[in-house]
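S.K.: Structure supplied as model.cif; contents: mmCIF, C-alpha atoms.
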data_final
#
loop_
_atom_site.label_atom_id
_atom_site.label_comp_id
_atom_site.auth_asym_id
_atom_site.auth_seq_id
_atom_site.Cartn_x
_atom_site.Cartn_y
_atom_site.Cartn_z
CA MET F 1 127.57 80.96 81.15
CA ILE F 2 123.97 81.53 80.07
CA TYR F 3 123.18 83.09 83.44
CA ASN F 4 125.34 86.10 82.66
CA ASP F 5 123.06 86.96 79.74
CA VAL F 6 119.86 86.23 81.61
CA ALA F 7 120.84 88.46 84.55
CA SER F 8 120.22 91.51 82.37
CA ILE F 9 116.48 90.83 82.50
CA ALA F 10 116.52 91.98 86.12
CA HIS F 11 116.28 95.58 84.94
CA VAL F 12 113.11 95.30 82.87
CA ALA F 13 109.96 96.98 84.12
CA VAL F 14 107.40 94.92 85.98
CA SER F 15 104.10 94.54 84.14
CA ASP F 16 101.12 92.23 84.20
CA GLN F 17 102.76 90.02 81.60
CA PRO F 18 106.07 88.16 81.62
CA SER F 19 108.97 89.62 79.69
CA ASP F 20 110.08 88.40 76.31
CA VAL F 21 112.67 86.19 77.98
CA PRO F 22 111.38 82.58 78.01
CA PRO F 23 110.49 81.37 81.52
CA THR F 24 112.67 78.32 80.90
CA LEU F 25 115.70 80.57 80.71
CA VAL F 26 114.76 82.31 83.97
CA PHE F 27 114.41 78.96 85.77
CA TYR F 28 117.78 77.93 84.34
CA ALA F 29 119.40 81.13 85.63
CA ILE F 30 118.02 80.57 89.13
CA ARG F 31 119.32 77.02 89.22
CA ASN F 32 122.76 78.27 88.19
CA ILE F 33 122.78 80.40 91.35
CA ILE F 34 121.64 77.71 93.77
CA HIS F 35 123.26 74.59 92.26
CA PRO F 36 125.64 72.89 92.77
CA THR F 37 126.61 75.50 95.41
CA PHE F 38 124.46 78.35 96.64
CA ILE F 39 126.18 81.55 95.45
CA VAL F 40 125.03 83.87 98.21
CA GLY F 41 126.72 86.87 96.60
CA GLN F 42 124.29 86.65 93.69
CA ILE F 43 121.18 87.05 95.84
CA PRO F 44 120.52 90.52 94.33
CA ASP F 45 120.17 88.87 90.92
CA LEU F 46 118.10 86.12 92.46
CA PHE F 47 115.65 88.69 93.80
CA ASN F 48 114.75 90.01 90.37
CA LEU F 49 114.70 86.57 88.79
CA LEU F 50 112.25 85.37 91.43
CA THR F 51 110.07 88.40 90.78
CA MET F 52 109.95 87.43 87.12
CA VAL F 53 108.93 83.91 88.11
CA ASP F 54 106.09 85.27 90.23
CA ILE F 55 104.96 87.54 87.40
CA SER F 56 104.81 84.45 85.17
CA ARG F 57 102.78 82.68 87.86
CA GLN F 58 100.31 85.56 88.05
CA PHE F 59 100.04 85.72 84.27
CA ALA F 60 99.47 81.95 84.03
CA ASN F 61 96.85 82.08 86.78
CA LYS F 62 94.96 84.82 84.93
CA LYS F 63 94.98 82.72 81.76
CA ILE F 64 93.71 79.71 83.71
CA GLU F 65 90.77 81.81 84.90
CA ASP F 66 90.05 82.80 81.29
CA VAL F 67 90.23 79.22 80.05
CA LEU F 68 87.85 77.96 82.73
CA VAL F 69 85.39 80.75 81.99
CA TRP F 70 85.39 79.87 78.29
CA HIS F 71 85.08 76.20 79.11
CA ASP F 72 81.97 76.88 81.21
CA PHE F 73 80.54 79.07 78.45
CA TYR F 74 80.95 76.47 75.71
CA SER F 75 79.80 73.69 78.03
CA GLN F 76 76.52 75.53 78.46
CA ASN F 77 76.33 76.46 74.76
CA PRO F 78 77.22 73.26 72.92
CA ASP F 79 75.98 74.42 69.51
CA ASN F 80 79.47 75.39 68.45
CA GLN F 81 80.99 72.04 67.52
CA ASP F 82 84.37 73.47 66.50
CA VAL F 83 85.58 74.00 70.07
CA ARG F 84 87.25 71.21 72.00
CA LEU F 85 86.15 71.26 75.59
CA LEU F 86 88.45 70.44 78.48
CA THR F 87 88.44 66.94 79.88
CA GLU F 88 87.52 66.39 83.52
CA LYS F 89 91.20 65.68 84.23
CA GLU F 90 92.26 68.98 82.66
CA VAL F 91 89.63 70.91 84.59
CA ARG F 92 90.77 69.35 87.87
CA ARG F 93 94.40 70.16 87.11
CA LEU F 94 93.62 73.79 86.27
CA GLU F 95 91.52 74.15 89.40
CA HIS F 96 94.43 72.70 91.37
CA TYR F 97 96.73 75.36 89.93
CA GLN F 98 94.22 78.04 90.91
CA ALA F 99 93.94 76.68 94.44
CA GLN F 100 97.70 76.73 95.03
CA SER F 101 98.20 80.26 93.69
CA GLU F 102 97.80 82.03 97.04
CA GLY F 103 100.16 79.59 98.73
CA LEU F 104 102.78 80.14 96.03
CA ARG F 105 102.57 83.88 96.56
CA SER F 106 103.19 83.34 100.28
CA GLU F 107 106.21 81.16 99.51
CA TYR F 108 107.57 83.83 97.16
CA PHE F 109 107.20 86.57 99.76
CA LEU F 110 108.78 84.41 102.47
CA LEU F 111 111.72 83.82 100.13
CA LEU F 112 112.15 87.57 99.62
CA ARG F 113 112.18 88.16 103.37
CA ASN F 114 114.62 85.37 104.18
CA LEU F 115 116.94 86.11 101.27
CA CYS F 116 117.14 89.70 102.51
CA LEU F 117 118.23 88.53 105.97
CA VAL F 118 120.73 86.05 104.55
CA TYR F 119 122.29 88.58 102.21
CA ILE F 120 122.75 91.31 104.82
CA HIS F 121 124.37 88.75 107.12
CA TYR F 122 126.64 87.56 104.28
CA LEU F 123 127.58 91.07 103.18
CA TRP F 124 128.87 92.05 106.62
CA THR F 125 132.05 90.01 106.12
CA ALA F 126 132.07 89.64 102.32
CA PRO F 127 134.81 91.12 100.10
CA GLU F 128 132.12 93.41 98.64
CA SER F 129 130.97 94.63 102.08
CA CYS F 130 131.28 98.21 100.82
CA LEU F 131 128.02 97.59 98.96
CA LEU F 132 126.05 97.34 102.20
CA PRO F 133 124.59 100.90 102.09
CA ILE F 134 123.57 100.46 98.45
CA ARG F 135 121.90 97.13 99.14
CA LEU F 136 120.15 98.42 102.24
CA ASN F 137 118.65 101.14 100.04
CA ASP F 138 117.64 98.46 97.54
CA PHE F 139 115.89 96.45 100.25
CA PHE F 140 114.46 99.45 102.09
CA PRO F 141 114.30 102.46 99.74
CA GLY F 142 114.59 105.85 101.39
CA SER F 143 115.68 104.46 104.74
CA LEU F 144 119.28 105.76 104.56
CA ASN F 145 120.34 109.38 104.61
CA GLY F 146 122.15 110.33 101.43
CA PHE F 147 120.59 107.59 99.32
CA ASP F 148 117.72 108.87 97.22
CA LYS F 149 118.05 106.48 94.29
CA PRO F 150 115.17 104.09 93.58
CA SER F 151 115.65 100.45 94.46
CA SER F 152 117.10 98.19 91.78
CA PHE F 153 114.85 95.37 93.02
CA LEU F 154 111.63 94.87 91.09
CA PHE F 155 109.67 93.23 93.89
CA HIS F 156 108.81 96.58 95.52
CA MET F 157 106.50 97.40 92.60
CA ASP F 158 104.25 94.42 93.29
CA LEU F 159 103.77 94.36 97.07
CA ASP F 160 100.36 94.75 98.64
CA GLU F 161 99.91 96.87 101.76
CA ASP F 162 100.35 93.97 104.19
CA GLU F 163 103.56 92.88 102.46
CA LYS F 164 104.89 96.44 102.53
CA GLN F 165 104.25 96.56 106.25
CA VAL F 166 106.21 93.35 106.76
CA PHE F 167 109.19 94.95 105.01
CA VAL F 168 108.90 98.00 107.27
CA GLN F 169 109.14 95.66 110.25
CA LEU F 170 112.00 93.80 108.56
CA LYS F 171 113.87 97.08 108.15
CA ASP F 172 113.63 97.67 111.90
CA GLN F 173 114.73 94.10 112.61
CA CYS F 174 117.79 94.49 110.38
CA SER F 175 118.61 97.88 111.90
CA ASN F 176 118.52 96.42 115.42
CA TRP F 177 120.70 93.51 114.33
CA MET F 178 123.31 95.78 112.74
CA ASN F 179 123.45 97.91 115.89
CA MET F 180 124.08 94.74 117.90
CA VAL F 181 126.92 93.77 115.58
CA ILE F 182 128.50 97.23 115.79
CA GLU F 183 128.32 97.12 119.60
CA TRP F 184 129.85 93.63 119.58
CA GLU F 185 132.68 94.80 117.34
CA SER F 186 133.55 97.63 119.74
CA GLU F 187 133.46 95.33 122.76
CA ARG F 188 135.59 92.75 120.92
CA GLU F 189 138.25 95.34 120.06
CA GLU F 190 138.33 96.60 123.63
CA LEU F 191 138.65 93.07 124.99
CA GLY F 192 141.40 92.37 122.47
CA ARG F 193 143.39 95.38 123.63
CA GLN F 194 143.03 94.27 127.24
CA GLN F 195 144.32 90.83 126.26
CA GLY F 196 147.24 92.29 124.33
CA ARG F 197 146.01 91.07 120.94
CA SER F 198 147.13 93.03 117.89
CA MET F 199 144.69 94.59 115.44
CA ASP F 200 146.05 92.28 112.72
CA GLU F 201 145.19 89.27 114.85
CA LEU F 202 141.72 90.61 115.52
CA LYS F 203 141.13 91.24 111.82
CA MET F 204 142.45 87.80 110.90
CA ASN F 205 139.99 86.07 113.24
CA PHE F 206 137.11 88.47 112.70
CA GLU F 207 135.00 86.38 110.32
CA GLU F 208 135.33 83.26 112.43
CA ASP F 209 134.36 85.15 115.59
CA PHE F 210 131.50 86.87 113.75
CA GLN F 211 130.04 83.61 112.44
CA GLU F 212 130.27 82.06 115.89
CA THR F 213 128.53 85.01 117.56
CA PHE F 214 126.05 85.72 114.74
CA PRO F 215 125.21 82.52 112.84
CA PRO F 216 123.20 82.81 109.61
CA PRO F 217 119.63 83.95 110.37
CA VAL F 218 118.12 81.27 108.15
CA ASP F 219 119.28 77.70 107.59
CA TYR F 220 120.52 77.49 104.00
CA VAL F 221 119.20 73.95 103.58
CA ASP F 222 115.69 74.98 104.58
CA LEU F 223 115.86 78.13 102.46
CA LEU F 224 116.93 76.24 99.35
CA ALA F 225 114.27 73.58 99.92
CA VAL F 226 111.52 76.24 99.84
CA LEU F 227 113.12 77.94 96.85
CA LYS F 228 113.38 74.75 94.84
CA LYS F 229 109.81 73.79 95.70
CA TYR F 230 108.53 77.20 94.66
CA ILE F 231 110.22 77.36 91.27
CA LYS F 232 109.33 73.74 90.50
CA SER F 233 105.65 74.39 91.24
CA VAL F 234 105.55 77.44 88.97
CA GLU F 235 107.63 75.72 86.31
CA ASP F 236 105.31 72.69 86.27
CA MET F 237 102.27 74.96 85.88
CA VAL F 238 103.80 76.98 83.04
CA LYS F 239 105.00 73.89 81.19
CA LYS F 240 101.63 72.18 81.52
CA LEU F 241 99.80 75.20 80.14
CA GLU F 242 102.22 75.44 77.23
CA GLU F 243 101.72 71.73 76.55
CA TRP F 244 97.93 71.82 76.67
CA PHE F 245 97.18 75.13 75.03
CA GLN F 246 99.18 75.42 71.86
CA PRO F 247 97.77 77.98 69.42
CA SER F 248 96.23 75.24 67.28
CA ASN F 249 94.11 73.70 70.03
CA ALA F 250 93.65 76.39 72.66
CA LEU F 251 90.38 77.74 73.93
CA PRO F 252 90.04 81.50 73.49
CA MET F 253 92.38 83.35 75.89
CA THR F 254 91.83 87.08 75.85
#
With the file now loaded, output its structure as structure tokens.
M.R.:
Amino acid sequence: MIYNDVASIAHVAVSDQPSDVPPTLVFYAIRNIIHPTFIVGQIPDLFNLLTMVDISRQFANKKIEDVLVWHDFYSQNPDNQDVRLLTEKEVRRLEHYQAQSEGLRSEYFLLLRNLCLVYIHYLWTAPESCLLPIRLNDFFPGSLNGFDKPSSFLFHMDLDEDEKQVFVQLKDQCSNWMNMVIEWESEREELGRQQGRSMDELKMNFEEDFQETFPPPVDYVDLLAVLKKYIKSVEDMVKKLEEWFQPSNALPMT
């Protein structure tokens, strides 16, 4: 599956430009994770893929700013007849992309937050639950004793101070939730012993009881709706810029 190759891009360094991997391939990899069934266990890969999408959005937005600046310059200096100016429709479309940039960043950050909550909830009963300490360190670097490795998630390198503060609060929220689950587990075992239930029976019914007591923190349908909307908006912007500004007809973009 193409996704298996694309997943390796998650380990590239974040910069102010997209990686050499075509954005189309990144969008394809994301859709392989969320369609036809949301593969929750691949959320760690989804994190880094989404960060690459947002880097592409930032890069495209910067180029839109450059194009509009050059358009204004040549509009006011029409002596150079070799430059094709933008049409009014193109200007409006580019200004629309600029206007939605801040909203797209908010959607991206909300996705990071909610995917973190969903994954920690999933991992509690997943076959790979032993990865929980590693992933907690990935989400909240330096928060666990004995884990001094840097996070494998790229998004940490691109958070502003307000976003960092939200993740500090999210760390506390997740810590409180995990303490609640641990307390519930102890009470459940004690109640099971009082009722004469065997440990095998308790283990067999654990996931069902867990899901009933602690349902997913975010509705998957709503989460996927925001995710699909976000990647489609960025994808449409990138494709439109590629369509309009081929090397042969582009305004200067420095």
S.K.: Expanded to explicit residues, what is the PyMOL selection byres ((chain F and resi 170) around 12) for this file, as a compact mmCIF listing (two decimals) with C-alpha atoms, in the coordinates of the input?
M.R.:
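Okay, this is what ended up in selection_1.txt:
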# COMPACT_ATOMS: atom_id res chain seq x y z
CA LEU F 110 108.78 84.41 102.47
CA LEU F 112 112.15 87.57 99.62
CA ARG F 113 112.18 88.16 103.37
CA ASN F 114 114.62 85.37 104.18
CA LEU F 115 116.94 86.11 101.27
CA CYS F 116 117.14 89.70 102.51
CA LEU F 117 118.23 88.53 105.97
CA ILE F 120 122.75 91.31 104.82
CA LEU F 136 120.15 98.42 102.24
CA PHE F 139 115.89 96.45 100.25
CA PHE F 140 114.46 99.45 102.09
CA SER F 143 115.68 104.46 104.74
CA GLU F 163 103.56 92.88 102.46
CA LYS F 164 104.89 96.44 102.53
CA GLN F 165 104.25 96.56 106.25
CA VAL F 166 106.21 93.35 106.76
CA PHE F 167 109.19 94.95 105.01
CA VAL F 168 108.90 98.00 107.27
CA GLN F 169 109.14 95.66 110.25
CA LYS F 171 113.87 97.08 108.15
CA ASP F 172 113.63 97.67 111.90
CA GLN F 173 114.73 94.10 112.61
CA CYS F 174 117.79 94.49 110.38
CA SER F 175 118.61 97.88 111.90
CA ASN F 176 118.52 96.42 115.42
CA TRP F 177 120.70 93.51 114.33
S.K.: Would you mind reading off the distance between atom CA of Arg93 of chain F and atom CA of Tyr108 of chain F, one decimal, in Å?
M.R.: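 Rounded to one decimal, the two atoms are 21.5 Å apart.
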S.K.: Using only C-alpha atoms, can you tell me which of F:Leu191, F:Ala29, F:Val21, F:Ile55 comes closest to Leu159 of chain F?
M.R.: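 Among the listed residues, the smallest separation from Leu159 of chain F belongs to F:Ile55.
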S.K.: Just the residues within 10 Å of Thr24 of chain F, please, counting all atoms listed in the file, with nothing from its chain fewer than 4 positions along; format it as a PyMOL selection string.
M.R.: chain F and resi 28-29+53+235+238-239
S.K.: Could you tell me, as a list in words, exactly which residues end up selected when the PyMOL selection byres ((chain F and resi 65) around 12) is applied to this structure?
M.R.: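 Expected selection for the PyMOL selection byres ((chain F and resi 65) around 12) here is Gln58, Phe59, Ala60, Asn61, Lys62, Lys63, Ile64, Asp66, Val67, Leu68, Val69, Trp70, His71, Asp72, Val91, Leu94, Glu95, His96, Tyr97, Gln98, Ala99, Ser101, Leu251, Pro252, Met253 and Thr254 of chain F.
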S.K.: Mind pulling up the distance from atom CA of Ser151 of chain F to atom CA of Asp138 of chain F?
M.R.: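 We find that atom CA of Asp138 of chain F and atom CA of Ser151 of chain F lie 4.2 Å from each other.
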S.K.: Run the PyMOL selection byres ((chain F and resi 147) around 12) against the file shown and list the residues it catches, as a list in words.
M.R.: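 Output of the PyMOL selection byres ((chain F and resi 147) around 12): Leu132, Pro133, Ile134, Arg135, Leu136, Asn137, Asp138, Phe140, Pro141, Gly142, Ser143, Leu144, Asn145, Gly146, Asp148, Lys149, Pro150 and Ser151 of chain F.
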S.K.: Take the residues from that selection and put them in a file with C-alpha atoms, as a PDB file, in the frame of the given file.
M.R.:
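selection.pdb written:
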ATOM      1  CA  LEU F 132     126.050  97.340 102.200  1.00  0.00           C
ATOM      2  CA  PRO F 133     124.590 100.900 102.090  1.00  0.00           C
ATOM      3  CA  ILE F 134     123.570 100.460  98.450  1.00  0.00           C
ATOM      4  CA  ARG F 135     121.900  97.130  99.140  1.00  0.00           C
ATOM      5  CA  LEU F 136     120.150  98.420 102.240  1.00  0.00           C
ATOM      6  CA  ASN F 137     118.650 101.140 100.040  1.00  0.00           C
ATOM      7  CA  ASP F 138     117.640  98.460  97.540  1.00  0.00           C
ATOM      8  CA  PHE F 140     114.460  99.450 102.090  1.00  0.00           C
ATOM      9  CA  PRO F 141     114.300 102.460  99.740  1.00  0.00           C
ATOM     10  CA  GLY F 142     114.590 105.850 101.390  1.00  0.00           C
ATOM     11  CA  SER F 143     115.680 104.460 104.740  1.00  0.00           C
ATOM     12  CA  LEU F 144     119.280 105.760 104.560  1.00  0.00           C
ATOM     13  CA  ASN F 145     120.340 109.380 104.610  1.00  0.00           C
ATOM     14  CA  GLY F 146     122.150 110.330 101.430  1.00  0.00           C
ATOM     15  CA  ASP F 148     117.720 108.870  97.220  1.00  0.00           C
ATOM     16  CA  LYS F 149     118.050 106.480  94.290  1.00  0.00           C
ATOM     17  CA  PRO F 150     115.170 104.090  93.580  1.00  0.00           C
ATOM     18  CA  SER F 151     115.650 100.450  94.460  1.00  0.00           C
TER      19      SER F 151
END
S.K.: Measure the distance from atom CA of Ile34 of chain F to atom CA of Val181 of chain F in Å and round it to one decimal.
M.R.: 27.6 Å
S.K.: Using all atoms listed in the file, pick whichever of F:Leu85, F:Ile30, F:Met52, F:Leu131 has the shortest atom-to-atom distance to Met157 of chain F.
M.R.: F:Met52
S.K.: Which residue, F:Phe27, F:Leu154, F:Arg105, F:Val118, has the smallest gap to Phe47 of chain F when you use all atoms listed in the file?
M.R.: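 Nearest to Phe47 of chain F: F:Leu154.
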S.K.: Can you sort out segment 192-203 of chain F so it carries all heavy atoms, written as a compact mmCIF listing (two decimals), in the frame of the given file?
M.R.:
# COMPACT_ATOMS: atom_id res chain seq x y z
N GLY F 192 140.14 92.75 123.10
CA GLY F 192 141.40 92.37 122.47
C GLY F 192 142.56 93.21 122.96
O GLY F 192 143.66 92.70 123.21
N ARG F 193 142.33 94.51 123.12
CA ARG F 193 143.39 95.38 123.63
C ARG F 193 143.76 94.99 125.06
O ARG F 193 144.95 94.97 125.42
CB ARG F 193 142.93 96.84 123.57
CG ARG F 193 143.02 97.47 122.20
CD ARG F 193 142.86 98.98 122.27
NE ARG F 193 141.49 99.35 122.66
CZ ARG F 193 140.51 99.58 121.80
NH1 ARG F 193 140.75 99.47 120.50
NH2 ARG F 193 139.32 99.93 122.24
N GLN F 194 142.76 94.68 125.87
CA GLN F 194 143.03 94.27 127.24
C GLN F 194 143.83 92.97 127.29
O GLN F 194 144.62 92.76 128.22
CB GLN F 194 141.72 94.11 128.00
CG GLN F 194 140.94 95.40 128.20
CD GLN F 194 139.60 95.18 128.85
OE1 GLN F 194 139.28 94.07 129.29
NE2 GLN F 194 138.79 96.24 128.94
N GLN F 195 143.62 92.11 126.32
CA GLN F 195 144.32 90.83 126.26
C GLN F 195 145.65 90.92 125.53
O GLN F 195 146.35 89.91 125.39
CB GLN F 195 143.43 89.79 125.58
CG GLN F 195 142.15 89.46 126.35
CD GLN F 195 141.23 88.54 125.58
OE1 GLN F 195 141.32 88.42 124.36
NE2 GLN F 195 140.33 87.88 126.31
N GLY F 196 145.98 92.10 125.02
CA GLY F 196 147.24 92.29 124.33
C GLY F 196 147.25 91.76 122.91
O GLY F 196 148.33 91.53 122.34
N ARG F 197 146.08 91.57 122.32
CA ARG F 197 146.01 91.07 120.94
C ARG F 197 146.17 92.23 119.97
O ARG F 197 145.65 93.32 120.18
CB ARG F 197 144.67 90.36 120.70
CG ARG F 197 144.44 89.17 121.60
CD ARG F 197 143.03 88.63 121.44
NE ARG F 197 142.81 88.06 120.12
CZ ARG F 197 141.62 87.64 119.69
NH1 ARG F 197 140.55 87.76 120.49
NH2 ARG F 197 141.49 87.12 118.50
N SER F 198 146.91 91.98 118.89
CA SER F 198 147.13 93.03 117.89
C SER F 198 145.89 93.19 117.01
O SER F 198 145.04 92.29 116.92
CB SER F 198 148.33 92.68 117.02
OG SER F 198 148.05 91.54 116.22
N MET F 199 145.80 94.36 116.35
CA MET F 199 144.69 94.59 115.44
C MET F 199 144.72 93.61 114.27
O MET F 199 143.68 93.18 113.77
CB MET F 199 144.72 96.02 114.93
CG MET F 199 144.37 97.06 115.98
SD MET F 199 142.70 96.81 116.70
CE MET F 199 141.67 97.01 115.25
N ASP F 200 145.93 93.26 113.82
CA ASP F 200 146.05 92.28 112.72
C ASP F 200 145.46 90.94 113.13
O ASP F 200 144.79 90.28 112.33
CB ASP F 200 147.52 92.11 112.32
CG ASP F 200 148.06 93.32 111.57
OD1 ASP F 200 147.23 94.11 111.06
OD2 ASP F 200 149.29 93.47 111.50
N GLU F 201 145.73 90.54 114.36
CA GLU F 201 145.19 89.27 114.85
C GLU F 201 143.67 89.34 114.93
O GLU F 201 142.97 88.39 114.58
CB GLU F 201 145.78 88.94 116.22
CG GLU F 201 145.30 87.60 116.77
CD GLU F 201 145.83 87.32 118.16
OE1 GLU F 201 146.60 88.15 118.69
OE2 GLU F 201 145.46 86.26 118.73
N LEU F 202 143.17 90.46 115.42
CA LEU F 202 141.72 90.61 115.52
C LEU F 202 141.06 90.57 114.15
O LEU F 202 140.00 89.97 113.97
CB LEU F 202 141.38 91.93 116.23
CG LEU F 202 141.68 91.99 117.73
CD1 LEU F 202 141.46 93.40 118.26
CD2 LEU F 202 140.79 91.00 118.49
N LYS F 203 141.68 91.23 113.18
CA LYS F 203 141.13 91.24 111.82
C LYS F 203 141.18 89.83 111.21
O LYS F 203 140.25 89.42 110.52
CB LYS F 203 141.92 92.21 110.95
CG LYS F 203 141.67 93.68 111.29
CD LYS F 203 142.50 94.59 110.39
CE LYS F 203 142.26 96.05 110.73
NZ LYS F 203 143.07 96.96 109.88
